[in-house]
Amino acid sequence: MTVALMWEARAAEGRGADLLAWVREQPLAAEPLRRETFRAPRDRVLVVTWWDAPYDAPLPELPEPDPELVTRAVHRWRFEAVAED
């Protein structure tokens, strides 16, 4: 099964580049199948990692950034891949 973990944060005013740099520097305890980083308006940063694992497997996740770097707590979601019909 393929599981995707999504990590999304909104940077504090004017700190979008800092948050993006911070995210890129964060290692994971294991190597995912794939890791992609995105940015969006209002200084939002999204990281998606793909894992070959059961849905409820314990998987390494990115940590919370320092509070002064973000405007709110990180949002996290977990999804499983669905076979095409």
# chains A, B, ... in the order shown; residues from 1 in each chain; ligands from 1
call {"tool": "residues_around", "arguments": {"residues": "Val47 in chain A", "least_positions_apart": "6", "cutoff": "6 Å", "atoms": "only C-alpha atoms", "output": "ChimeraX atom specification"}}
result
/A:6-7,36-37
call {"tool": "select_by_dssp", "arguments": {"residues": "chain A", "states": "strand (DSSP E)", "output": "JSON list (two decimals) with N, CA and C atoms, in the first residue's frame"}}
result
[["chain", "number", "residue", "atom", "x", "y", "z"],
["A", 2, "THR", "N", 0.45, 2.27, -0.69],
["A", 2, "THR", "CA", 1.17, 3.55, -0.67],
["A", 2, "THR", "C", 0.40, 4.52, 0.21],
["A", 3, "VAL", "N", 1.12, 5.11, 1.15],
["A", 3, "VAL", "CA", 0.56, 6.10, 2.06],
["A", 3, "VAL", "C", 1.25, 7.43, 1.79],
["A", 4, "ALA", "N", 0.46, 8.50, 1.72],
["A", 4, "ALA", "CA", 1.01, 9.84, 1.55],
["A", 4, "ALA", "C", 0.79, 10.63, 2.83],
["A", 5, "LEU", "N", 1.84, 11.24, 3.32],
["A", 5, "LEU", "CA", 1.73, 12.14, 4.46],
["A", 5, "LEU", "C", 1.86, 13.56, 3.94],
["A", 6, "MET", "N", 0.94, 14.42, 4.37],
["A", 6, "MET", "CA", 0.97, 15.82, 3.98],
["A", 6, "MET", "C", 1.23, 16.67, 5.22],
["A", 7, "TRP", "N", 2.11, 17.64, 5.08],
["A", 7, "TRP", "CA", 2.51, 18.56, 6.14],
["A", 7, "TRP", "C", 2.37, 19.95, 5.56],
["A", 8, "GLU", "N", 1.56, 20.82, 6.19],
["A", 8, "GLU", "CA", 1.34, 22.17, 5.64],
["A", 8, "GLU", "C", 1.41, 23.20, 6.75],
["A", 9, "ALA", "N", 2.14, 24.28, 6.47],
["A", 9, "ALA", "CA", 2.28, 25.37, 7.45],
["A", 9, "ALA", "C", 2.19, 26.71, 6.74],
["A", 10, "ARG", "N", 1.79, 27.71, 7.49],
["A", 10, "ARG", "CA", 1.74, 29.08, 6.97],
["A", 10, "ARG", "C", 2.76, 29.90, 7.74],
["A", 34, "ARG", "N", 9.19, 9.00, -2.07],
["A", 34, "ARG", "CA", 9.22, 10.29, -2.76],
["A", 34, "ARG", "C", 8.94, 11.39, -1.75],
["A", 35, "ARG", "N", 9.51, 12.55, -1.97],
["A", 35, "ARG", "CA", 9.26, 13.73, -1.13],
["A", 35, "ARG", "C", 9.22, 14.95, -2.04],
["A", 36, "GLU", "N", 8.13, 15.71, -1.95],
["A", 36, "GLU", "CA", 7.98, 16.92, -2.75],
["A", 36, "GLU", "C", 7.61, 18.08, -1.85],
["A", 37, "THR", "N", 8.12, 19.25, -2.20],
["A", 37, "THR", "CA", 7.86, 20.47, -1.44],
["A", 37, "THR", "C", 7.22, 21.48, -2.37],
["A", 38, "PHE", "N", 6.16, 22.14, -1.89],
["A", 38, "PHE", "CA", 5.41, 23.12, -2.66],
["A", 38, "PHE", "C", 5.28, 24.41, -1.86],
["A", 39, "ARG", "N", 5.05, 25.51, -2.55],
["A", 39, "ARG", "CA", 4.71, 26.76, -1.88],
["A", 39, "ARG", "C", 3.49, 27.35, -2.55],
["A", 40, "ALA", "N", 2.80, 28.21, -1.80],
["A", 40, "ALA", "CA", 1.56, 28.81, -2.30],
["A", 40, "ALA", "C", 1.47, 30.24, -1.78],
["A", 44, "ARG", "N", 2.51, 29.94, 2.33],
["A", 44, "ARG", "CA", 2.22, 28.57, 2.77],
["A", 44, "ARG", "C", 3.23, 27.61, 2.15],
["A", 45, "VAL", "N", 3.61, 26.60, 2.92],
["A", 45, "VAL", "CA", 4.54, 25.57, 2.46],
["A", 45, "VAL", "C", 3.90, 24.21, 2.71],
["A", 46, "LEU", "N", 3.98, 23.35, 1.71],
["A", 46, "LEU", "CA", 3.40, 22.01, 1.77],
["A", 46, "LEU", "C", 4.47, 20.99, 1.44],
["A", 47, "VAL", "N", 4.55, 19.93, 2.24],
["A", 47, "VAL", "CA", 5.46, 18.82, 1.96],
["A", 47, "VAL", "C", 4.62, 17.55, 1.91],
["A", 48, "VAL", "N", 4.82, 16.77, 0.84],
["A", 48, "VAL", "CA", 4.13, 15.49, 0.70],
["A", 48, "VAL", "C", 5.21, 14.41, 0.60],
["A", 49, "THR", "N", 5.07, 13.39, 1.44],
["A", 49, "THR", "CA", 5.98, 12.24, 1.37],
["A", 49, "THR", "C", 5.16, 10.99, 1.09],
["A", 50, "TRP", "N", 5.71, 10.08, 0.28],
["A", 50, "TRP", "CA", 5.05, 8.83, -0.06],
["A", 50, "TRP", "C", 5.84, 7.69, 0.56],
["A", 51, "TRP", "N", 5.09, 6.72, 1.12],
["A", 51, "TRP", "CA", 5.69, 5.58, 1.81],
["A", 51, "TRP", "C", 5.04, 4.29, 1.37],
["A", 52, "ASP", "N", 5.83, 3.24, 1.29],
["A", 52, "ASP", "CA", 5.30, 1.90, 1.05],
["A", 52, "ASP", "C", 5.08, 1.30, 2.44],
["A", 75, "HIS", "N", -0.61, 21.78, 9.91],
["A", 75, "HIS", "CA", -1.70, 20.86, 9.57],
["A", 75, "HIS", "C", -1.07, 19.61, 8.99],
["A", 76, "ARG", "N", -1.57, 18.46, 9.41],
["A", 76, "ARG", "CA", -1.06, 17.17, 8.94],
["A", 76, "ARG", "C", -2.23, 16.28, 8.51],
["A", 77, "TRP", "N", -2.04, 15.59, 7.39],
["A", 77, "TRP", "CA", -3.04, 14.65, 6.91],
["A", 77, "TRP", "C", -2.34, 13.39, 6.42],
["A", 78, "ARG", "N", -3.05, 12.28, 6.46],
["A", 78, "ARG", "CA", -2.55, 11.00, 5.97],
["A", 78, "ARG", "C", -3.58, 10.46, 4.98],
["A", 79, "PHE", "N", -3.11, 10.00, 3.83],
["A", 79, "PHE", "CA", -3.96, 9.46, 2.78],
["A", 79, "PHE", "C", -3.40, 8.14, 2.29],
["A", 80, "GLU", "N", -4.29, 7.28, 1.79],
["A", 80, "GLU", "CA", -3.83, 6.05, 1.14],
["A", 80, "GLU", "C", -4.17, 6.13, -0.33]]
call {"tool": "closest_residue", "arguments": {"among": "A:Met1, A:Gly14, A:Pro41, A:Glu31", "to": "Leu59 in chain A", "atoms": "only C-alpha atoms"}}
result
A:Glu31
call {"tool": "closest_residue", "arguments": {"among": "A:Tyr55, A:Ala11, A:Asp85, A:Pro27", "to": "Ala73 in chain A", "atoms": "only C-alpha atoms"}}
result
A:Ala11
call {"tool": "closest_residue", "arguments": {"among": "A:Glu13, A:Glu68, A:Asp56, A:Glu84", "to": "Asp43 in chain A", "atoms": "only C-alpha atoms"}}
result
A:Glu13
call {"tool": "atom_distance", "arguments": {"atom1": "CA of Leu33 in chain A", "atom2": "CA of Val70 in chain A"}}
result
27.5 Å
call {"tool": "select_by_dssp", "arguments": {"residues": "chain A", "states": "helix (DSSP H, G or I)", "output": "list in words"}}
result
Gly16, Ala17, Asp18, Leu19, Leu20, Ala21, Trp22, Val23, Arg24, Glu25, Pro67, Glu68 and Leu69 of chain A
call {"tool": "closest_residue", "arguments": {"among": "A:Ala53, A:Leu19, A:Val82, A:Ala12", "to": "Pro32 in chain A", "atoms": "only C-alpha atoms"}}
result
A:Ala53
call {"tool": "closest_residue", "arguments": {"among": "A:Pro65, A:Ala57, A:Arg42, A:Val74", "to": "Arg24 in chain A", "atoms": "only C-alpha atoms"}}
result
A:Pro65
call {"tool": "atom_distance", "arguments": {"atom1": "CA of Ala81 in chain A", "atom2": "CA of Gln26 in chain A"}}
result
24.9 Å
call {"tool": "atom_distance", "arguments": {"atom1": "CA of Arg72 in chain A", "atom2": "CA of Leu28 in chain A"}}
result
22.1 Å
